[in-house]
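Enquirer: The file below is protein_33.cif, mmCIF, C-alpha atoms and all ligand atoms:
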```cif
data_query
#
loop_
_atom_site.label_atom_id
_atom_site.label_comp_id
_atom_site.auth_asym_id
_atom_site.auth_seq_id
_atom_site.Cartn_x
_atom_site.Cartn_y
_atom_site.Cartn_z
CA MET A 27 -14.79 11.34 31.50
CA ASP A 28 -16.53 8.15 32.75
CA PRO A 29 -14.35 5.43 34.32
CA ASP A 30 -14.63 3.16 31.27
CA SER A 31 -13.40 5.84 28.94
CA VAL A 32 -10.59 6.74 31.38
CA GLN A 33 -9.65 3.05 31.47
CA GLY A 34 -9.93 2.96 27.69
CA ALA A 35 -7.74 6.04 27.31
CA ASP A 36 -5.13 4.58 29.66
CA ALA A 37 -5.14 1.27 27.76
CA GLU A 38 -4.79 3.10 24.45
CA GLU A 39 -1.86 5.16 25.74
CA ALA A 40 -0.23 1.99 27.06
CA ALA A 41 -0.64 0.37 23.62
CA TYR A 42 1.14 3.26 21.92
CA THR A 43 3.91 3.12 24.53
CA ALA A 44 4.39 -0.61 24.05
CA ALA A 45 4.38 -0.23 20.26
CA ALA A 46 6.98 2.54 20.47
CA ASP A 47 9.17 0.44 22.76
CA ALA A 48 8.97 -2.50 20.35
CA ILE A 49 10.11 -0.25 17.51
CA LEU A 50 12.96 1.21 19.61
CA ASN A 51 14.16 -2.26 20.61
CA ALA A 52 14.01 -3.79 17.11
CA ALA A 53 17.08 -4.17 14.91
CA ARG A 54 14.93 -3.89 11.78
CA VAL A 55 11.42 -2.47 11.36
CA VAL A 56 9.46 -3.09 8.15
CA ALA A 57 6.17 -1.41 7.24
CA VAL A 58 3.62 -3.03 4.93
CA THR A 59 1.03 -0.58 3.64
CA GLY A 60 -2.21 -0.82 1.70
CA ALA A 61 -4.77 1.52 0.21
CA GLY A 62 -6.02 2.61 3.63
CA ILE A 63 -2.96 4.80 4.25
CA SER A 64 -3.82 6.83 1.14
CA VAL A 65 -7.56 7.28 1.83
CA GLU A 66 -6.88 10.52 3.74
CA SER A 67 -5.05 11.79 0.65
CA GLY A 68 -8.34 11.52 -1.24
CA ILE A 69 -7.72 8.18 -2.94
CA PRO A 70 -10.58 5.71 -2.44
CA ASP A 71 -9.50 2.29 -1.30
CA PHE A 72 -10.62 -0.82 -3.14
CA ARG A 73 -12.94 -2.73 -0.86
CA SER A 74 -14.50 -0.35 1.63
CA ALA A 75 -18.00 0.92 0.80
CA GLY A 76 -17.74 3.06 -2.35
CA GLY A 77 -14.25 1.74 -3.09
CA LEU A 78 -12.80 1.47 -6.58
CA TRP A 79 -13.93 -2.09 -7.14
CA SER A 80 -17.56 -1.12 -6.59
CA LYS A 81 -17.37 1.17 -9.66
CA TYR A 82 -14.86 -0.81 -11.71
CA PRO A 83 -15.24 -4.57 -11.06
CA PRO A 84 -11.67 -5.95 -11.05
CA GLU A 85 -12.62 -8.87 -13.29
CA ASP A 86 -13.53 -6.38 -16.03
CA TYR A 87 -10.88 -3.70 -15.46
CA ALA A 88 -7.91 -5.09 -13.53
CA THR A 89 -6.97 -8.51 -14.89
CA ILE A 90 -4.33 -9.19 -17.51
CA GLU A 91 -6.94 -11.11 -19.50
CA ALA A 92 -9.25 -8.06 -19.55
CA PHE A 93 -6.31 -5.93 -20.73
CA TYR A 94 -5.65 -8.20 -23.71
CA ASP A 95 -9.39 -8.59 -24.46
CA ASP A 96 -10.26 -4.87 -24.39
CA PRO A 97 -7.35 -2.52 -23.59
CA ASP A 98 -9.45 0.62 -24.21
CA LYS A 99 -12.02 -0.49 -21.61
CA VAL A 100 -9.36 -1.39 -19.05
CA TRP A 101 -7.74 1.99 -19.56
CA GLU A 102 -11.00 3.73 -18.50
CA LEU A 103 -10.15 2.75 -14.90
CA TRP A 104 -6.42 3.47 -15.12
CA TYR A 105 -6.84 6.89 -16.76
CA GLU A 106 -9.43 7.84 -14.09
CA LEU A 107 -7.10 6.65 -11.33
CA ALA A 108 -4.18 8.52 -12.92
CA GLU A 109 -6.30 11.71 -13.02
CA THR A 110 -7.03 11.25 -9.29
CA LEU A 111 -3.38 10.57 -8.51
CA LYS A 112 -1.90 13.52 -10.37
CA ASP A 113 -2.98 16.07 -7.72
CA VAL A 114 -2.84 14.02 -4.52
CA GLN A 115 -0.41 14.74 -1.72
CA PRO A 116 1.02 12.61 1.08
CA ASN A 117 -1.00 12.82 4.30
CA PRO A 118 0.26 12.81 7.92
CA GLY A 119 0.31 9.01 7.86
CA HIS A 120 2.76 8.92 4.95
CA ARG A 121 4.82 11.69 6.54
CA ALA A 122 4.99 9.82 9.84
CA LEU A 123 6.56 6.80 8.10
CA ALA A 124 9.02 9.12 6.34
CA GLU A 125 10.00 10.62 9.72
CA LEU A 126 10.42 7.13 11.17
CA GLU A 127 12.89 6.35 8.34
CA GLN A 128 14.71 9.64 8.92
CA MET A 129 14.97 8.74 12.62
CA GLY A 130 16.67 5.50 11.58
CA ARG A 131 13.76 3.49 12.99
CA LEU A 132 12.24 2.16 9.73
CA SER A 133 14.25 0.09 7.26
CA VAL A 134 11.77 -0.18 4.40
CA VAL A 135 8.18 0.30 3.35
CA VAL A 136 6.68 -2.53 1.32
CA THR A 137 3.65 -0.92 -0.26
CA GLN A 138 0.80 -2.44 -2.24
CA ASN A 139 -0.13 1.07 -3.33
CA ILE A 140 0.58 2.38 -6.82
CA ASP A 141 0.29 6.09 -5.93
CA ALA A 142 4.00 6.78 -5.23
CA LEU A 143 2.98 8.75 -2.11
CA HIS A 144 5.62 7.15 0.13
CA HIS A 145 8.32 8.53 -2.17
CA ALA A 146 6.55 11.89 -2.25
CA ALA A 147 6.49 11.93 1.57
CA GLY A 148 10.26 11.34 1.70
CA ASN A 149 10.76 7.60 2.21
CA THR A 150 13.80 6.50 0.23
CA SER A 151 13.54 2.76 0.88
CA VAL A 152 10.26 1.65 -0.71
CA ILE A 153 9.34 -1.61 -2.42
CA GLU A 154 6.43 -1.00 -4.81
CA TYR A 155 5.03 -4.52 -4.63
CA HIS A 156 2.23 -3.86 -7.12
CA GLY A 157 4.08 -1.34 -9.31
CA ARG A 158 3.09 2.25 -9.94
CA ALA A 159 0.30 3.86 -11.96
CA ASP A 160 2.27 6.80 -13.41
CA THR A 161 4.39 4.60 -15.66
CA LEU A 162 3.52 2.60 -18.79
CA TYR A 163 4.91 -0.82 -19.66
CA CYS A 164 4.85 -2.63 -23.00
CA PRO A 165 4.42 -6.41 -22.51
CA ALA A 166 5.59 -6.98 -26.13
CA CYS A 167 8.95 -5.20 -26.06
CA ARG A 168 9.29 -4.37 -22.33
CA ARG A 169 9.77 -0.64 -22.90
CA ARG A 170 8.63 1.74 -20.14
CA ARG A 171 7.71 5.41 -20.34
CA PRO A 172 5.77 7.91 -18.19
CA LEU A 173 1.99 7.98 -18.59
CA ASP A 174 0.86 11.03 -20.60
CA LEU A 175 -2.65 12.01 -19.52
CA SER A 176 -3.01 14.38 -22.48
CA GLN A 177 -3.35 11.25 -24.65
CA ARG A 178 -6.39 10.03 -22.66
CA ALA A 179 -8.87 10.72 -25.49
CA LEU A 180 -6.89 8.34 -27.73
CA GLY A 181 -7.68 5.36 -25.49
CA ALA A 182 -5.16 2.68 -24.63
CA PRO A 183 -1.60 4.01 -25.13
CA ARG A 184 0.43 2.44 -27.94
CA CYS A 185 4.12 1.59 -27.84
CA VAL A 186 6.60 2.55 -30.54
CA CYS A 187 6.77 -1.17 -31.27
CA GLY A 188 3.06 -1.11 -32.13
CA GLY A 189 1.84 -3.00 -29.07
CA TYR A 190 -0.62 -1.74 -26.46
CA MET A 191 1.00 -0.41 -23.29
CA LYS A 192 -0.41 -1.36 -19.88
CA PRO A 193 -0.14 0.53 -16.62
CA ASP A 194 3.10 -0.53 -14.92
CA VAL A 195 1.09 -2.20 -12.15
CA VAL A 196 0.54 -5.85 -11.29
CA LEU A 197 -2.85 -6.76 -12.72
CA PHE A 198 -4.72 -9.77 -11.37
CA GLY A 199 -3.28 -12.81 -13.13
CA GLU A 200 0.22 -11.30 -13.29
CA LEU A 201 3.20 -12.16 -11.13
CA ILE A 202 4.76 -9.82 -8.58
CA PRO A 203 8.07 -8.51 -10.00
CA THR A 204 10.72 -11.04 -8.97
CA THR A 205 13.01 -8.60 -7.17
CA ALA A 206 10.15 -7.10 -5.15
CA LEU A 207 8.80 -10.56 -4.32
CA HIS A 208 12.06 -11.99 -3.00
CA LEU A 209 13.28 -8.82 -1.28
CA ALA A 210 9.98 -8.37 0.57
CA ASP A 211 9.95 -12.04 1.57
CA SER A 212 13.51 -11.80 2.92
CA LEU A 213 12.71 -8.62 4.85
CA ALA A 214 9.60 -10.24 6.36
CA ARG A 215 11.75 -13.17 7.54
CA ASN A 216 14.35 -10.88 9.09
CA CYS A 217 12.50 -8.06 10.81
CA GLY A 218 11.96 -7.56 14.52
CA VAL A 219 8.81 -5.48 14.06
CA MET A 220 6.35 -5.27 11.19
CA ILE A 221 3.94 -2.32 11.08
CA ILE A 222 0.89 -3.17 8.94
CA VAL A 223 -1.06 -0.12 7.81
CA GLY A 224 -4.39 0.12 5.97
CA THR A 225 -4.66 -3.23 4.27
CA SER A 226 -7.60 -5.62 4.26
CA ALA A 227 -5.24 -8.61 4.15
CA THR A 228 -7.13 -10.15 1.24
CA VAL A 229 -4.66 -10.20 -1.66
CA TYR A 230 -1.73 -12.60 -1.76
CA PRO A 231 1.22 -12.82 -1.81
CA ALA A 232 1.30 -9.38 -0.10
CA ALA A 233 -1.13 -10.55 2.60
CA GLY A 234 1.24 -13.41 3.39
CA LEU A 235 4.12 -11.15 4.43
CA PRO A 236 2.82 -10.47 7.97
CA PHE A 237 2.31 -14.20 8.55
CA ILE A 238 5.90 -14.86 7.42
CA ALA A 239 7.14 -12.13 9.73
CA LYS A 240 5.18 -13.55 12.68
CA GLU A 241 6.42 -17.08 12.01
CA ASN A 242 9.96 -15.71 12.16
CA GLY A 243 9.50 -14.00 15.50
CA ALA A 244 8.44 -10.47 14.51
CA PHE A 245 6.29 -8.26 16.74
CA ILE A 246 3.24 -7.15 14.76
CA ILE A 247 1.75 -3.66 15.05
CA GLU A 248 -1.41 -3.10 12.99
CA CYS A 249 -2.94 0.28 12.16
CA ASN A 250 -6.41 0.15 10.61
CA THR A 251 -9.86 1.67 11.00
CA GLU A 252 -11.30 -1.85 11.19
CA SER A 253 -10.07 -5.24 12.32
CA THR A 254 -8.80 -7.68 9.70
CA GLN A 255 -7.84 -11.35 9.54
CA PHE A 256 -4.51 -10.30 11.04
CA THR A 257 -6.05 -8.59 14.06
CA GLU A 258 -7.36 -11.65 15.91
CA THR A 259 -4.57 -13.99 14.78
CA ILE A 260 -1.10 -12.45 14.56
CA THR A 261 -1.40 -8.79 15.56
CA ASP A 262 0.31 -8.00 18.88
CA ILE A 263 -0.85 -4.37 19.11
CA PHE A 264 -3.84 -3.02 17.17
CA LEU A 265 -3.91 0.77 16.89
CA GLN A 266 -7.42 1.48 15.67
CA GLY A 267 -8.17 4.67 13.76
CA PRO A 268 -7.26 6.56 10.60
CA ALA A 269 -3.58 6.18 9.69
CA GLY A 270 -3.32 9.97 9.52
CA GLU A 271 -3.89 9.95 13.30
CA THR A 272 -2.47 6.64 14.54
CA LEU A 273 0.90 6.84 12.78
CA PRO A 274 1.78 10.41 13.83
CA ARG A 275 0.83 9.53 17.41
CA LEU A 276 3.01 6.39 17.28
CA VAL A 277 5.99 8.25 15.78
CA GLU A 278 5.68 11.03 18.35
CA LYS A 279 5.82 8.37 21.07
CA VAL A 280 8.96 6.88 19.47
CA ARG A 281 10.53 10.33 19.20
CA ASN A 282 9.83 11.22 22.84
CA ARG A 283 10.63 7.92 24.58
N1 LIG B 301 -6.59 4.51 7.87
C1 LIG B 301 -6.25 3.20 8.06
N2 LIG B 301 -6.87 2.17 7.43
C2 LIG B 301 -7.88 2.48 6.60
C3 LIG B 301 -8.30 3.80 6.35
C4 LIG B 301 -7.61 4.84 7.03
N3 LIG B 301 -7.93 6.14 6.87
N4 LIG B 301 -9.34 3.77 5.46
C5 LIG B 301 -9.55 2.47 5.16
N5 LIG B 301 -8.68 1.69 5.84
C6 LIG B 301 -8.53 0.23 5.78
C7 LIG B 301 -9.79 -0.56 5.52
O1 LIG B 301 -10.41 -0.90 6.76
C8 LIG B 301 -9.22 -1.82 4.84
O2 LIG B 301 -8.84 -2.80 5.80
O3 LIG B 301 -7.68 -0.02 4.68
C9 LIG B 301 -7.96 -1.30 4.14
C10 LIG B 301 -8.12 -1.15 2.64
O4 LIG B 301 -8.32 -2.44 2.09
P1 LIG B 301 -8.41 -2.61 0.51
O5 LIG B 301 -9.31 -1.60 -0.05
O6 LIG B 301 -8.67 -4.08 0.25
O7 LIG B 301 -6.94 -2.24 -0.02
P2 LIG B 301 -5.64 -3.14 0.04
O8 LIG B 301 -5.62 -4.03 1.24
O9 LIG B 301 -4.48 -2.26 -0.16
O10 LIG B 301 -5.81 -4.06 -1.27
C11 LIG B 301 -4.71 -4.91 -1.58
O11 LIG B 301 -5.79 -5.53 -3.63
O12 LIG B 301 -7.13 -4.82 -5.30
C12 LIG B 301 -5.83 -5.16 -5.00
O13 LIG B 301 -3.83 -4.43 -5.98
C13 LIG B 301 -4.90 -4.00 -5.18
O14 LIG B 301 -3.04 -3.33 -3.81
C14 LIG B 301 -4.40 -3.70 -3.78
C15 LIG B 301 -4.60 -5.01 -3.07
#
```
Could the structure of this file be written out as structure tokens, please?

Expert:
Amino acid sequence: MDPDSVQGADAEEAAYTAAADAILNAARVVAVTGAGISVESGIPDFRSAGGLWSKYPPEDYATIEAFYDDPDKVWELWYELAETLKDVQPNPGHRALAELEQMGRLSVVVTQNIDALHHAAGNTSVIEYHGRADTLYCPACRRRRPLDLSQRALGAPRCVCGGYMKPDVVLFGELIPTTALHLADSLARNCGVMIIVGTSATVYPAAGLPFIAKENGAFIIECNTESTQFTETITDIFLQGPAGETLPRLVEKVRNR
């Protein structure tokens, strides 16, 4: 190993040690996750090359206006995503966050993801900031029911009230559910450490949570394959790499300290 790589390896190990110590010394740790944590489960993210938005432009498939204009077209994306999601499993990154909760070292996961994989991995305290894709919601009468993929050929699902049902996710142009919005904001203001995993930091208000945490004194740990607008501004420790590798390594360090 050449000296630079030895130095690099030592610096990397020191970063994991410092991140683990921050977690062990914090009264409350909050994780904020994005699509990147689910990429290793086989779910494409939105904005990386080949991401969902390159095939389904959000302005045509993921806005509330598009849903009201052409629900059948919008449902092309959401049925395809639901087909992808029905067989996916949590990956080591999800399982690492579940272990961190079981160790009593993670209070909550605020996720932008709609794949329910944090629940599947075993986290019990999860705020689904953008909803979840396996449930239907009727904007007319506010009924909810599970999505039934066997009805895909019929196009946009209908409610018993006669209205079209939308995926129970926050489409562009919709508000974040009030409870999720205020609870996540309060947790960001009152955490000692925030772990940001696999988000491009481009969609608000979710992307504002790390800034709120930093302004209120939190130590910021970021796990991503690439740097983001957080990395050079508020991130204290950047653990670069796939979440399926960085998070298990971090949690092992917490477990063994
Ligand atoms: N491990 C860690 N990070 C990864 C991995 C991985 N294996 N693969 C990709 N990433 C990173 C990318 O570098 C990028 O920064 O994950 C991030 C994914 O960014 P986006 O695709 O923009 O997803 P996200 O940040 O969750 O989008 C936020 O935008 O479109 C809306 O509602 C949608 O919830 C979504 C929101």

Enquirer: The residues within 12 Å of (16.1, 7.7, 10.7), using only C-alpha atoms and the coordinates of the file, should be reported as a VMD selection string; which are they?

Expert: chain A and resid 50 54 to 55 122 to 134 148 to 151 277 280 to 281

Enquirer: Store the residues of this selection in a file with C-alpha atoms, as an mmCIF file, in the coordinates of the input.

Expert:
```cif
data_model
loop_
_atom_site.group_PDB
_atom_site.id
_atom_site.type_symbol
_atom_site.label_atom_id
_atom_site.label_comp_id
_atom_site.auth_asym_id
_atom_site.auth_seq_id
_atom_site.Cartn_x
_atom_site.Cartn_y
_atom_site.Cartn_z
ATOM 1 C CA LEU A 50 12.960 1.210 19.610
ATOM 2 C CA ARG A 54 14.930 -3.890 11.780
ATOM 3 C CA VAL A 55 11.420 -2.470 11.360
ATOM 4 C CA ALA A 122 4.990 9.820 9.840
ATOM 5 C CA LEU A 123 6.560 6.800 8.100
ATOM 6 C CA ALA A 124 9.020 9.120 6.340
ATOM 7 C CA GLU A 125 10.000 10.620 9.720
ATOM 8 C CA LEU A 126 10.420 7.130 11.170
ATOM 9 C CA GLU A 127 12.890 6.350 8.340
ATOM 10 C CA GLN A 128 14.710 9.640 8.920
ATOM 11 C CA MET A 129 14.970 8.740 12.620
ATOM 12 C CA GLY A 130 16.670 5.500 11.580
ATOM 13 C CA ARG A 131 13.760 3.490 12.990
ATOM 14 C CA LEU A 132 12.240 2.160 9.730
ATOM 15 C CA SER A 133 14.250 0.090 7.260
ATOM 16 C CA VAL A 134 11.770 -0.180 4.400
ATOM 17 C CA GLY A 148 10.260 11.340 1.700
ATOM 18 C CA ASN A 149 10.760 7.600 2.210
ATOM 19 C CA THR A 150 13.800 6.500 0.230
ATOM 20 C CA SER A 151 13.540 2.760 0.880
ATOM 21 C CA VAL A 277 5.990 8.250 15.780
ATOM 22 C CA VAL A 280 8.960 6.880 19.470
ATOM 23 C CA ARG A 281 10.530 10.330 19.200
#
```

Enquirer: Enumerate, in order of chain and increasing residue number, the residues of segment 41-102 of chain A with an atom no farther than 6 Å from segment 170-187 of chain A, each with its shortest atom pair and distance in Å to one decimal, counting all atoms listed in the file, as a Markdown table.

Expert:
```
| residue | atom | partner | partner_atom | distance |
| --- | --- | --- | --- | --- |
| A:Pro97 | CA | A:Ala182 | CA | 5.7 |
| A:Asp98 | CA | A:Ala182 | CA | 4.8 |
| A:Trp101 | CA | A:Ala182 | CA | 5.7 |
```

Enquirer: Store the residues picked out above, limited to C-alpha atoms, as a JSON list (two decimals), in the coordinates of the input.

Expert:
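Result file is selection.json:
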```json
[["chain", "number", "residue", "atom", "x", "y", "z"],
["A", 97, "PRO", "CA", -7.35, -2.52, -23.59],
["A", 98, "ASP", "CA", -9.45, 0.62, -24.21],
["A", 101, "TRP", "CA", -7.74, 1.99, -19.56]]
```

Enquirer: What does the distance from atom CA of Trp104 of chain A to atom CA of Ile140 of chain A come to in Å, to one decimal?

Expert: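 Computing it gives 10.9 Å between the two atoms.
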
Enquirer: Build an axis-aligned box that encloses every atom of ligand LIG 301 (chain B) listed in the file, pad it by 6 Å on each side, and report its centre and edge lengths in Å to one decimal, as AutoDock Vina command-line options.

Expert:
```
--center_x -6.7 --center_y 0.3 --center_z 1.0 --size_x 19.4 --size_y 23.7 --size_z 26.0
```

Enquirer: Which residues sit within 6 Å of ligand LIG 301 (chain B), counting all atoms listed in the file, listed as a PyMOL selection string?

Expert: chain A and resi 60-63+65-66+71-74+138-139+224-227+229+250-252+268-269

Enquirer: If you measure from atom CA of Ser212 of chain A to atom CA of Ala52 of chain A, what distance in Å do you get, rounded to one decimal?

Expert: 16.3 Å

Enquirer: Kindly output segment 222-233 of chain A as an mmCIF file, in the frame of the given file, after building all heavy atoms.

Expert:
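Printed below is out23.cif as written:
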```cif
data_model
loop_
_atom_site.group_PDB
_atom_site.id
_atom_site.type_symbol
_atom_site.label_atom_id
_atom_site.label_comp_id
_atom_site.auth_asym_id
_atom_site.auth_seq_id
_atom_site.Cartn_x
_atom_site.Cartn_y
_atom_site.Cartn_z
ATOM 1 N N ILE A 222 1.824 -2.949 10.051
ATOM 2 C CA ILE A 222 0.890 -3.170 8.940
ATOM 3 C C ILE A 222 -0.107 -2.014 8.949
ATOM 4 O O ILE A 222 -0.753 -1.767 9.965
ATOM 5 C CB ILE A 222 0.109 -4.485 9.108
ATOM 6 C CG1 ILE A 222 1.046 -5.644 9.452
ATOM 7 C CG2 ILE A 222 -0.698 -4.798 7.851
ATOM 8 C CD1 ILE A 222 0.297 -6.880 9.938
ATOM 9 N N VAL A 223 -0.206 -1.304 7.822
ATOM 10 C CA VAL A 223 -1.060 -0.120 7.810
ATOM 11 C C VAL A 223 -2.057 -0.178 6.657
ATOM 12 O O VAL A 223 -1.680 -0.276 5.493
ATOM 13 C CB VAL A 223 -0.228 1.176 7.648
ATOM 14 C CG1 VAL A 223 -1.121 2.406 7.810
ATOM 15 C CG2 VAL A 223 0.929 1.218 8.641
ATOM 16 N N GLY A 224 -3.359 -0.117 6.978
ATOM 17 C CA GLY A 224 -4.390 0.120 5.970
ATOM 18 C C GLY A 224 -4.485 -0.913 4.883
ATOM 19 O O GLY A 224 -4.601 -0.572 3.704
ATOM 20 N N THR A 225 -4.429 -2.195 5.273
ATOM 21 C CA THR A 225 -4.660 -3.230 4.270
ATOM 22 C C THR A 225 -5.678 -4.221 4.795
ATOM 23 O O THR A 225 -5.704 -4.552 5.972
ATOM 24 C CB THR A 225 -3.351 -3.951 3.866
ATOM 25 O OG1 THR A 225 -3.635 -4.899 2.835
ATOM 26 C CG2 THR A 225 -2.703 -4.650 5.045
ATOM 27 N N SER A 226 -6.516 -4.699 3.865
ATOM 28 C CA SER A 226 -7.600 -5.620 4.260
ATOM 29 C C SER A 226 -7.114 -7.060 4.339
ATOM 30 O O SER A 226 -7.885 -7.960 4.666
ATOM 31 C CB SER A 226 -8.743 -5.536 3.239
ATOM 32 O OG SER A 226 -8.251 -5.986 1.965
ATOM 33 N N ALA A 227 -5.833 -7.261 4.014
ATOM 34 C CA ALA A 227 -5.240 -8.610 4.150
ATOM 35 C C ALA A 227 -5.971 -9.630 3.279
ATOM 36 O O ALA A 227 -6.179 -10.770 3.685
ATOM 37 C CB ALA A 227 -5.314 -9.048 5.617
ATOM 38 N N THR A 228 -6.361 -9.218 2.087
ATOM 39 C CA THR A 228 -7.130 -10.150 1.240
ATOM 40 C C THR A 228 -6.396 -10.585 -0.017
ATOM 41 O O THR A 228 -6.805 -11.530 -0.671
ATOM 42 C CB THR A 228 -8.450 -9.484 0.780
ATOM 43 O OG1 THR A 228 -8.152 -8.181 0.294
ATOM 44 C CG2 THR A 228 -9.450 -9.386 1.918
ATOM 45 N N VAL A 229 -5.318 -9.874 -0.393
ATOM 46 C CA VAL A 229 -4.660 -10.200 -1.660
ATOM 47 C C VAL A 229 -3.265 -10.742 -1.404
ATOM 48 O O VAL A 229 -2.434 -10.077 -0.787
ATOM 49 C CB VAL A 229 -4.614 -8.953 -2.577
ATOM 50 C CG1 VAL A 229 -3.800 -9.232 -3.831
ATOM 51 C CG2 VAL A 229 -6.033 -8.555 -2.947
ATOM 52 N N TYR A 230 -3.049 -11.960 -1.889
ATOM 53 C CA TYR A 230 -1.730 -12.600 -1.760
ATOM 54 C C TYR A 230 -0.942 -12.378 -3.048
ATOM 55 O O TYR A 230 -1.532 -12.153 -4.110
ATOM 56 C CB TYR A 230 -1.946 -14.099 -1.497
ATOM 57 C CG TYR A 230 -2.402 -14.356 -0.068
ATOM 58 C CD1 TYR A 230 -3.746 -14.164 0.304
ATOM 59 C CD2 TYR A 230 -1.505 -14.713 0.914
ATOM 60 C CE1 TYR A 230 -4.162 -14.340 1.622
ATOM 61 C CE2 TYR A 230 -1.911 -14.906 2.237
ATOM 62 C CZ TYR A 230 -3.230 -14.702 2.579
ATOM 63 O OH TYR A 230 -3.634 -14.872 3.885
ATOM 64 N N PRO A 231 0.419 -12.438 -2.995
ATOM 65 C CA PRO A 231 1.220 -12.820 -1.810
ATOM 66 C C PRO A 231 1.446 -11.706 -0.794
ATOM 67 O O PRO A 231 2.001 -11.977 0.269
ATOM 68 C CB PRO A 231 2.541 -13.248 -2.454
ATOM 69 C CG PRO A 231 2.629 -12.459 -3.709
ATOM 70 C CD PRO A 231 1.228 -12.314 -4.210
ATOM 71 N N ALA A 232 1.026 -10.465 -1.058
ATOM 72 C CA ALA A 232 1.300 -9.380 -0.100
ATOM 73 C C ALA A 232 0.727 -9.717 1.276
ATOM 74 O O ALA A 232 1.382 -9.505 2.303
ATOM 75 C CB ALA A 232 0.705 -8.072 -0.606
ATOM 76 N N ALA A 233 -0.470 -10.273 1.309
ATOM 77 C CA ALA A 233 -1.130 -10.550 2.600
ATOM 78 C C ALA A 233 -0.405 -11.651 3.369
ATOM 79 O O ALA A 233 -0.640 -11.839 4.555
ATOM 80 C CB ALA A 233 -2.588 -10.945 2.364
#
```
